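Below is the file query_14.cif, which contains mmCIF, C-alpha atoms and all ligand atoms.
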data_input
#
loop_
_atom_site.group_PDB
_atom_site.id
_atom_site.type_symbol
_atom_site.label_atom_id
_atom_site.label_comp_id
_atom_site.auth_asym_id
_atom_site.auth_seq_id
_atom_site.Cartn_x
_atom_site.Cartn_y
_atom_site.Cartn_z
ATOM 1 C CA MET A 1 12.634 -66.395 12.852
ATOM 2 C CA PRO A 2 13.878 -64.349 15.836
ATOM 3 C CA PRO A 3 17.347 -65.549 16.901
ATOM 4 C CA GLU A 4 16.182 -65.904 20.494
ATOM 5 C CA ALA A 5 13.414 -68.448 19.630
ATOM 6 C CA THR A 6 13.714 -71.542 21.826
ATOM 7 C CA PRO A 7 15.019 -74.503 19.805
ATOM 8 C CA LEU A 8 12.616 -77.305 18.979
ATOM 9 C CA LEU A 9 15.564 -79.641 18.579
ATOM 10 C CA GLN A 10 18.842 -79.172 20.405
ATOM 11 C CA ALA A 11 21.749 -81.571 19.958
ATOM 12 C CA HIS A 12 24.854 -80.853 21.934
ATOM 13 C CA GLY A 13 28.243 -82.568 21.837
ATOM 14 C CA VAL A 14 26.980 -85.701 20.066
ATOM 15 C CA ASP A 15 29.522 -88.492 19.548
ATOM 16 C CA ALA A 16 28.450 -91.602 17.651
ATOM 17 C CA GLY A 17 29.925 -94.392 15.578
ATOM 18 C CA TYR A 18 29.871 -98.052 14.663
ATOM 19 C CA GLY A 19 31.845 -100.587 16.700
ATOM 20 C CA THR A 20 35.301 -99.188 17.296
ATOM 21 C CA MET A 21 34.941 -96.521 14.602
ATOM 22 C CA GLN A 22 33.936 -93.080 15.819
ATOM 23 C CA VAL A 23 32.085 -91.135 13.124
ATOM 24 C CA LEU A 24 30.702 -88.062 14.930
ATOM 25 C CA TRP A 25 32.775 -85.846 17.169
ATOM 26 C CA GLY A 26 30.938 -83.446 19.461
ATOM 27 C CA VAL A 27 28.250 -82.376 17.010
ATOM 28 C CA ASP A 28 26.167 -79.339 18.037
ATOM 29 C CA LEU A 29 23.062 -78.498 16.010
ATOM 30 C CA ASP A 30 19.734 -76.863 16.738
ATOM 31 C CA VAL A 31 16.486 -76.364 14.836
ATOM 32 C CA LYS A 32 13.953 -73.720 15.845
ATOM 33 C CA PRO A 33 10.200 -74.222 15.452
ATOM 34 C CA GLY A 34 9.088 -73.895 11.837
ATOM 35 C CA GLU A 35 12.552 -73.244 10.391
ATOM 36 C CA THR A 36 14.395 -75.144 7.665
ATOM 37 C CA VAL A 37 17.943 -76.194 8.476
ATOM 38 C CA LEU A 38 20.294 -77.719 5.933
ATOM 39 C CA LEU A 39 23.027 -80.138 7.007
ATOM 40 C CA LEU A 40 25.561 -80.079 4.192
ATOM 41 C CA GLY A 41 28.433 -82.506 3.838
ATOM 42 C CA ALA A 42 30.283 -84.675 1.339
ATOM 43 C CA ASN A 43 29.912 -88.476 1.068
ATOM 44 C CA GLY A 44 30.929 -90.106 4.313
ATOM 45 C CA ALA A 45 30.911 -86.858 6.346
ATOM 46 C CA GLY A 46 28.509 -88.464 8.823
ATOM 47 C CA LYS A 47 25.194 -86.849 7.869
ATOM 48 C CA THR A 48 23.150 -90.054 7.939
ATOM 49 C CA THR A 49 24.804 -91.186 11.165
ATOM 50 C CA PHE A 50 23.894 -87.881 12.786
ATOM 51 C CA LEU A 51 20.263 -88.004 11.610
ATOM 52 C CA LYS A 52 20.032 -91.589 12.830
ATOM 53 C CA SER A 53 21.360 -90.551 16.237
ATOM 54 C CA LEU A 54 18.589 -87.936 16.407
ATOM 55 C CA VAL A 55 15.811 -90.364 15.549
ATOM 56 C CA GLY A 56 17.187 -93.215 17.646
ATOM 57 C CA LEU A 57 18.516 -95.608 14.994
ATOM 58 C CA VAL A 58 22.128 -95.079 16.093
ATOM 59 C CA GLU A 59 23.090 -94.572 19.700
ATOM 60 C CA ALA A 60 24.619 -91.237 20.740
ATOM 61 C CA ARG A 61 27.591 -92.323 22.846
ATOM 62 C CA HIS A 62 28.061 -88.900 24.380
ATOM 63 C CA GLY A 63 26.186 -85.645 24.338
ATOM 64 C CA SER A 64 22.579 -84.607 24.715
ATOM 65 C CA ILE A 65 19.589 -84.471 22.380
ATOM 66 C CA ALA A 66 16.427 -82.616 23.376
ATOM 67 C CA LEU A 67 13.145 -82.270 21.503
ATOM 68 C CA GLY A 68 10.768 -79.602 22.782
ATOM 69 C CA GLY A 69 12.942 -79.328 25.882
ATOM 70 C CA GLN A 70 12.653 -83.051 26.673
ATOM 71 C CA ASP A 71 15.758 -85.244 26.783
ATOM 72 C CA ILE A 72 15.320 -87.904 24.081
ATOM 73 C CA ALA A 73 18.899 -89.182 23.753
ATOM 74 C CA HIS A 74 18.079 -92.568 25.256
ATOM 75 C CA MET A 75 14.470 -92.853 24.190
ATOM 76 C CA ARG A 76 13.207 -95.540 21.841
ATOM 77 C CA SER A 77 12.810 -94.427 18.267
ATOM 78 C CA SER A 78 9.028 -94.938 18.305
ATOM 79 C CA ASP A 79 8.705 -92.743 21.419
ATOM 80 C CA ARG A 80 10.715 -89.984 19.744
ATOM 81 C CA MET A 81 8.269 -90.123 16.822
ATOM 82 C CA LYS A 82 5.346 -89.726 19.215
ATOM 83 C CA LEU A 83 6.901 -86.470 20.420
ATOM 84 C CA GLY A 84 6.558 -85.113 16.898
ATOM 85 C CA MET A 85 9.668 -86.066 14.941
ATOM 86 C CA THR A 86 9.394 -87.971 11.646
ATOM 87 C CA TYR A 87 12.280 -89.436 9.671
ATOM 88 C CA MET A 88 12.227 -89.679 5.921
ATOM 89 C CA SER A 89 14.976 -91.925 4.644
ATOM 90 C CA GLU A 90 15.715 -93.478 1.270
ATOM 91 C CA LEU A 91 13.429 -96.369 2.141
ATOM 92 C CA ALA A 92 10.547 -94.074 2.887
ATOM 93 C CA VAL A 93 7.717 -95.896 1.122
ATOM 94 C CA PHE A 94 6.348 -99.443 1.053
ATOM 95 C CA PRO A 95 6.463 -100.422 -2.633
ATOM 96 C CA ASP A 96 3.756 -103.112 -2.437
ATOM 97 C CA LEU A 97 1.186 -100.908 -0.719
ATOM 98 C CA SER A 98 -0.968 -98.486 -2.681
ATOM 99 C CA ILE A 99 -0.247 -94.788 -2.542
ATOM 100 C CA GLU A 100 -3.231 -94.200 -0.282
ATOM 101 C CA GLU A 101 -2.262 -97.061 2.032
ATOM 102 C CA ASN A 102 1.238 -95.609 2.342
ATOM 103 C CA ILE A 103 -0.134 -92.228 3.404
ATOM 104 C CA LEU A 104 -2.532 -93.856 5.872
ATOM 105 C CA VAL A 105 0.375 -95.793 7.407
ATOM 106 C CA GLY A 106 2.095 -92.440 7.904
ATOM 107 C CA ALA A 107 -0.996 -90.916 9.508
ATOM 108 C CA GLN A 108 -1.349 -93.861 11.868
ATOM 109 C CA ALA A 109 2.249 -93.518 13.057
ATOM 110 C CA LEU A 110 1.180 -90.682 15.337
ATOM 111 C CA GLY A 111 -2.391 -91.860 15.784
ATOM 112 C CA HIS A 112 -3.921 -89.080 13.683
ATOM 113 C CA ALA A 113 -7.519 -88.538 14.783
ATOM 114 C CA ASN A 114 -8.961 -88.111 11.305
ATOM 115 C CA PRO A 115 -6.690 -89.756 8.712
ATOM 116 C CA ARG A 116 -9.234 -89.349 5.874
ATOM 117 C CA ARG A 117 -9.315 -85.587 6.319
ATOM 118 C CA ARG A 118 -5.534 -85.572 6.387
ATOM 119 C CA LEU A 119 -5.557 -87.511 3.103
ATOM 120 C CA ASP A 120 -7.608 -84.793 1.433
ATOM 121 C CA GLU A 121 -5.235 -82.086 2.648
ATOM 122 C CA LEU A 122 -2.236 -84.002 1.334
ATOM 123 C CA TYR A 123 -3.877 -84.719 -2.030
ATOM 124 C CA GLY A 124 -4.371 -80.955 -2.256
ATOM 125 C CA LEU A 125 -0.606 -80.540 -1.906
ATOM 126 C CA PHE A 126 0.233 -83.449 -4.242
ATOM 127 C CA PRO A 127 -2.532 -83.785 -6.865
ATOM 128 C CA VAL A 128 -0.579 -86.434 -8.814
ATOM 129 C CA LEU A 129 -0.876 -88.755 -5.808
ATOM 130 C CA ARG A 130 -4.647 -88.363 -5.759
ATOM 131 C CA ASP A 131 -4.837 -89.405 -9.423
ATOM 132 C CA LYS A 132 -2.814 -92.541 -8.726
ATOM 133 C CA ARG A 133 -4.047 -93.275 -5.209
ATOM 134 C CA ARG A 134 -5.097 -96.896 -5.896
ATOM 135 C CA ASP A 135 -1.842 -97.805 -7.687
ATOM 136 C CA ALA A 136 1.043 -99.590 -5.993
ATOM 137 C CA ALA A 137 3.816 -97.271 -4.843
ATOM 138 C CA SER A 138 6.225 -99.362 -6.945
ATOM 139 C CA SER A 139 4.501 -98.034 -10.088
ATOM 140 C CA LEU A 140 5.564 -94.451 -9.347
ATOM 141 C CA SER A 141 8.549 -92.714 -10.919
ATOM 142 C CA GLY A 142 11.503 -91.806 -8.688
ATOM 143 C CA GLY A 143 10.318 -88.229 -8.277
ATOM 144 C CA GLN A 144 6.722 -89.251 -7.592
ATOM 145 C CA ARG A 145 7.930 -91.794 -5.058
ATOM 146 C CA LYS A 146 9.854 -89.047 -3.311
ATOM 147 C CA MET A 147 6.654 -86.988 -3.225
ATOM 148 C CA LEU A 148 4.860 -89.945 -1.674
ATOM 149 C CA GLY A 149 7.644 -90.257 0.919
ATOM 150 C CA ILE A 150 7.162 -86.610 1.832
ATOM 151 C CA ALA A 151 3.356 -86.975 1.904
ATOM 152 C CA LYS A 152 3.626 -90.079 4.092
ATOM 153 C CA ALA A 153 5.962 -88.266 6.495
ATOM 154 C CA LEU A 154 3.700 -85.208 6.591
ATOM 155 C CA ALA A 155 0.639 -87.372 7.232
ATOM 156 C CA ALA A 156 1.876 -87.798 10.788
ATOM 157 C CA GLU A 157 1.749 -83.991 11.227
ATOM 158 C CA PRO A 158 5.257 -83.814 12.659
ATOM 159 C CA LYS A 159 6.688 -80.755 14.367
ATOM 160 C CA LEU A 160 10.032 -81.727 12.870
ATOM 161 C CA LEU A 161 10.592 -83.611 9.628
ATOM 162 C CA VAL A 162 14.097 -85.056 9.335
ATOM 163 C CA MET A 163 15.019 -85.835 5.729
ATOM 164 C CA ASP A 164 18.038 -87.778 4.520
ATOM 165 C CA GLU A 165 19.110 -86.699 1.024
ATOM 166 C CA PRO A 166 15.733 -86.041 -0.583
ATOM 167 C CA SER A 167 17.588 -85.419 -3.872
ATOM 168 C CA ALA A 168 19.210 -88.883 -3.973
ATOM 169 C CA GLY A 169 18.623 -90.660 -7.259
ATOM 170 C CA LEU A 170 16.602 -87.831 -8.787
ATOM 171 C CA SER A 171 17.197 -86.054 -12.076
ATOM 172 C CA PRO A 172 17.802 -82.275 -11.855
ATOM 173 C CA LEU A 173 14.195 -81.660 -12.908
ATOM 174 C CA PHE A 174 12.805 -83.762 -10.055
ATOM 175 C CA VAL A 175 15.255 -82.167 -7.611
ATOM 176 C CA LYS A 176 13.725 -78.823 -8.574
ATOM 177 C CA GLU A 177 10.276 -80.304 -7.978
ATOM 178 C CA VAL A 178 11.241 -81.525 -4.492
ATOM 179 C CA ILE A 179 12.698 -78.080 -3.703
ATOM 180 C CA ARG A 180 9.442 -76.498 -4.902
ATOM 181 C CA ILE A 181 7.438 -78.804 -2.619
ATOM 182 C CA LEU A 182 9.667 -78.056 0.365
ATOM 183 C CA ASN A 183 9.352 -74.330 -0.333
ATOM 184 C CA GLY A 184 5.588 -74.800 -0.294
ATOM 185 C CA LEU A 185 5.784 -76.298 3.190
ATOM 186 C CA GLN A 186 7.268 -73.113 4.630
ATOM 187 C CA GLY A 187 4.873 -71.241 6.843
ATOM 188 C CA ARG A 188 2.910 -74.396 7.730
ATOM 189 C CA GLY A 189 4.611 -74.609 11.128
ATOM 190 C CA ILE A 190 6.719 -77.682 10.295
ATOM 191 C CA ALA A 191 10.444 -77.505 10.956
ATOM 192 C CA LEU A 192 12.682 -79.312 8.464
ATOM 193 C CA LEU A 193 16.151 -80.708 8.953
ATOM 194 C CA ILE A 194 17.541 -81.766 5.579
ATOM 195 C CA ALA A 195 20.841 -83.602 5.079
ATOM 196 C CA GLU A 196 22.092 -83.005 1.550
ATOM 197 C CA GLN A 197 25.089 -82.700 -0.714
ATOM 198 C CA ASN A 198 23.109 -80.723 -3.259
ATOM 199 C CA ILE A 199 23.575 -77.008 -2.645
ATOM 200 C CA GLY A 200 20.352 -76.331 -4.563
ATOM 201 C CA PHE A 201 18.665 -76.932 -1.209
ATOM 202 C CA LEU A 202 20.201 -73.708 0.150
ATOM 203 C CA GLU A 203 17.209 -72.083 -1.520
ATOM 204 C CA VAL A 204 14.845 -73.504 1.115
ATOM 205 C CA ALA A 205 17.121 -73.148 4.150
ATOM 206 C CA THR A 206 17.170 -70.485 6.827
ATOM 207 C CA ARG A 207 20.392 -71.797 8.372
ATOM 208 C CA VAL A 208 23.159 -74.178 7.345
ATOM 209 C CA PHE A 209 25.462 -76.539 9.218
ATOM 210 C CA VAL A 210 28.445 -77.978 7.365
ATOM 211 C CA LEU A 211 29.699 -81.368 8.522
ATOM 212 C CA GLU A 212 33.213 -82.500 7.610
ATOM 213 C CA GLY A 213 34.861 -85.645 8.902
ATOM 214 C CA GLY A 214 32.170 -85.959 11.577
ATOM 215 C CA ARG A 215 32.704 -82.436 12.939
ATOM 216 C CA ILE A 216 30.665 -79.288 12.429
ATOM 217 C CA ARG A 217 32.922 -77.007 10.456
ATOM 218 C CA PHE A 218 30.484 -74.139 9.980
ATOM 219 C CA SER A 219 27.086 -73.002 11.183
ATOM 220 C CA GLY A 220 25.302 -69.840 10.200
ATOM 221 C CA THR A 221 22.822 -68.288 7.827
ATOM 222 C CA VAL A 222 22.873 -69.027 4.105
ATOM 223 C CA ALA A 223 24.252 -65.511 3.501
ATOM 224 C CA GLU A 224 27.045 -66.116 6.008
ATOM 225 C CA MET A 225 27.910 -69.367 4.280
ATOM 226 C CA THR A 226 28.067 -67.829 0.831
ATOM 227 C CA ASP A 227 30.232 -65.011 2.252
ATOM 228 C CA ASN A 228 32.761 -67.559 3.520
ATOM 229 C CA GLU A 229 35.411 -67.899 0.844
ATOM 230 C CA ALA A 230 36.713 -71.334 1.840
ATOM 231 C CA LEU A 231 33.198 -72.803 1.912
ATOM 232 C CA ARG A 232 32.320 -71.091 -1.317
ATOM 233 C CA ARG A 233 35.304 -72.729 -2.942
ATOM 234 C CA ALA A 234 34.535 -76.147 -1.451
ATOM 235 C CA TYR A 235 30.802 -76.212 -2.106
ATOM 236 C CA PHE A 236 30.218 -73.923 -5.061
ATOM 237 C CA GLY A 237 33.392 -74.738 -6.966
ATOM 238 C CA LEU A 238 34.298 -71.047 -7.139
ATOM 239 C CA LYS A 239 37.863 -69.794 -7.191
HETATM 240 N N1 LIG A 301 26.223 -99.346 9.479
HETATM 241 C C1 LIG A 301 27.494 -98.916 9.419
HETATM 242 N N2 LIG A 301 28.492 -99.675 9.907
HETATM 243 C C2 LIG A 301 29.784 -99.261 9.865
HETATM 244 N N3 LIG A 301 30.165 -98.058 9.347
HETATM 245 C C3 LIG A 301 29.207 -97.266 8.841
HETATM 246 C C4 LIG A 301 27.825 -97.648 8.845
HETATM 247 N N4 LIG A 301 27.105 -96.641 8.283
HETATM 248 C C5 LIG A 301 27.999 -95.691 7.935
HETATM 249 N N5 LIG A 301 29.266 -96.064 8.271
HETATM 250 C C6 LIG A 301 30.485 -95.260 8.072
HETATM 251 O O1 LIG A 301 30.327 -94.036 8.773
HETATM 252 C C7 LIG A 301 30.880 -92.950 8.023
HETATM 253 C C8 LIG A 301 29.814 -91.888 7.827
HETATM 254 O O2 LIG A 301 28.782 -92.426 7.027
HETATM 255 P P1 LIG A 301 27.382 -91.672 6.825
HETATM 256 O O3 LIG A 301 26.502 -92.574 6.040
HETATM 257 O O4 LIG A 301 26.900 -91.171 8.121
HETATM 258 O O5 LIG A 301 27.844 -90.410 5.945
HETATM 259 P P2 LIG A 301 27.005 -89.484 4.997
HETATM 260 O O6 LIG A 301 27.546 -88.093 5.214
HETATM 261 O O7 LIG A 301 25.555 -89.674 5.220
HETATM 262 O O8 LIG A 301 27.420 -89.999 3.575
HETATM 263 P P3 LIG A 301 26.565 -90.150 2.206
HETATM 264 O O9 LIG A 301 26.304 -88.758 1.741
HETATM 265 O O10 LIG A 301 27.529 -90.890 1.326
HETATM 266 O O11 LIG A 301 25.332 -90.921 2.534
HETATM 267 C C9 LIG A 301 31.407 -93.549 6.730
HETATM 268 O O12 LIG A 301 32.786 -93.751 6.886
HETATM 269 C C10 LIG A 301 30.674 -94.872 6.626
HETATM 270 O O13 LIG A 301 31.459 -95.822 5.955
#
Give the structure from this file in structure tokens form.
Ligand SMILES: Nc1ncnc2c1ncn2[C@@H]1O[C@H](COP(=O)(O)OP(=O)(O)OP(=O)(O)O)[C@@H](O)[C@H]1O
Amino acid sequence: MPPEATPLLQAHGVDAGYGTMQVLWGVDLDVKPGETVLLLGANGAGKTTFLKSLVGLVEARHGSIALGGQDIAHMRSSDRMKLGMTYMSELAVFPDLSIEENILVGAQALGHANPRRRLDELYGLFPVLRDKRRDAASSLSGGQRKMLGIAKALAAEPKLLVMDEPSAGLSPLFVKEVIRILNGLQGRGIALLIAEQNIGFLEVATRVFVLEGGRIRFSGTVAEMTDNEALRRAYFGLK
């Protein structure tokens, strides 16, 4: 990714919070088309709050947010989605709907012209979902449910997929599987912004932002992060 590429997403000086509590303090972050950006931070650092401010579930009190050059900071969440941003949270799937119905709901979110064709493409990426397509999503294992969440989000063909802790609740084996899937998405023209505590996700990232106490403490490439002794100590447990 050339450093001069125009950002797909550009957040600048974002403040946000709940009631009288300010959680985010002047957060700057950008994602270029097709790149994978990792937002690392401990519990309570403000990762979810920041992602929610991007997708319109929490109001940005100050600052600007642009998607594809368009100011979206005060746009309704559903309108932001129509511009090509999809949010995958913990509650990503509808447990009572079948696997296929879940994916079709995702495709409809952006009015996909040919949802059936999209289904076939996604089943190609996630064969286990094809095998179980008529089963209720609630019958899936945690890892399979995560796969369905990703498939449902991808069904909308987003330009930017925003993911909140895809590793949450998964065993190390399933975390590896999710990382493998995300690696497989590279080169398909979809940008990913992933909030995580699990540094295993550095494997899929081109750049990293570290959030601490609601402030960006570091931004740079993965190599620059691993070269930074203080971050190495904090995140890799190295002396
Ligand atoms: N709905 C809410 N109302 C009030 N305070 C909230 C709300 N959601 C989060 N907070 C507070 O905002 C701060 C940041 O929380 P946030 O969920 O954004 O952090 P996080 O980095 O995503 O943490 P985690 O990794 O534990 O999910 C925390 O102090 C949290 O208690």
Problem set entry | Test item: residues lying within 6 Å of ligand LIG 301 (chain A) with all atoms listed in the file, as a ChimeraX atom specification | /A:18,23,41-49
Exercise. Nearest to Asn114 (chain A) among A:Ile199, A:Leu97, A:Gly26, A:Ala156, with distances taken over all atoms listed in the file: which residue is it?
Worked result: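 The answer is A:Ala156, which sits nearest to Asn114 (chain A).
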Check which residues satisfy the PyMOL selection byres (((chain A and resi 162) around 8) and not hetatm) in the file shown, then give them as an mmCIF file with C-alpha atoms, keeping the file's coordinate frame.
data_model
loop_
_atom_site.group_PDB
_atom_site.id
_atom_site.type_symbol
_atom_site.label_atom_id
_atom_site.label_comp_id
_atom_site.auth_asym_id
_atom_site.auth_seq_id
_atom_site.Cartn_x
_atom_site.Cartn_y
_atom_site.Cartn_z
ATOM 1 C CA LEU A 51 20.263 -88.004 11.610
ATOM 2 C CA MET A 85 9.668 -86.066 14.941
ATOM 3 C CA THR A 86 9.394 -87.971 11.646
ATOM 4 C CA TYR A 87 12.280 -89.436 9.671
ATOM 5 C CA MET A 88 12.227 -89.679 5.921
ATOM 6 C CA LEU A 160 10.032 -81.727 12.870
ATOM 7 C CA LEU A 161 10.592 -83.611 9.628
ATOM 8 C CA MET A 163 15.019 -85.835 5.729
ATOM 9 C CA ASP A 164 18.038 -87.778 4.520
ATOM 10 C CA LEU A 192 12.682 -79.312 8.464
ATOM 11 C CA LEU A 193 16.151 -80.708 8.953
ATOM 12 C CA ILE A 194 17.541 -81.766 5.579
#
Exercise. Written as an NGL selection string, which residues does the PyMOL selection byres (((chain A and resi 78-81) around 12) and not hetatm) give for the file shown?
Worked result: :A and (9 or 52-57 or 65-68 or 70-77 or 82-88 or 106-111 or 153 or 156-162)
Exercise. Residues picked by the PyMOL selection byres (((chain A and resi 126) around 10) and not hetatm) here, as a ChimeraX atom specification?
Worked result: /A:120-125,127-131,144,147-148,150-151,181
Please give the centre and size of the box around region 137-151 of chain A (axis-aligned, containing every atom listed in the file, 6 Å added per side), with values in Å to one decimal and written as JSON.
{"center_x": 7.4, "center_y": -93.0, "center_z": -4.5, "size_x": 20.1, "size_y": 24.8, "size_z": 24.8}
Exercise. Excluding same-chain residues fewer than 5 positions from Glu203 (chain A), what lies within 9 Å of it counting all atoms listed in the file, as a list in words?
Worked result: Ile179, Asn183 and Val222 of chain A
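The space separating CA of Gly149 (chain A) from CA of Ala168 (chain A) comes to 12.6 Å.
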For this session: Could you tell me how far CA of Gly34 (chain A) lies from CA of Pro166 (chain A), in Å and to one decimal?
Result: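 CA of Pro166 (chain A) lies at a distance of 18.6 Å from CA of Gly34 (chain A).
Distance-wise, CA of Phe174 (chain A) and CA of Thr221 (chain A) end up 25.7 Å apart.
Of the residues listed (A:Asp28, A:Asp15, A:Arg188, A:Ser138), A:Asp28 shows the shortest atom-to-atom separation from Arg217 (chain A); distances use only C-alpha atoms.
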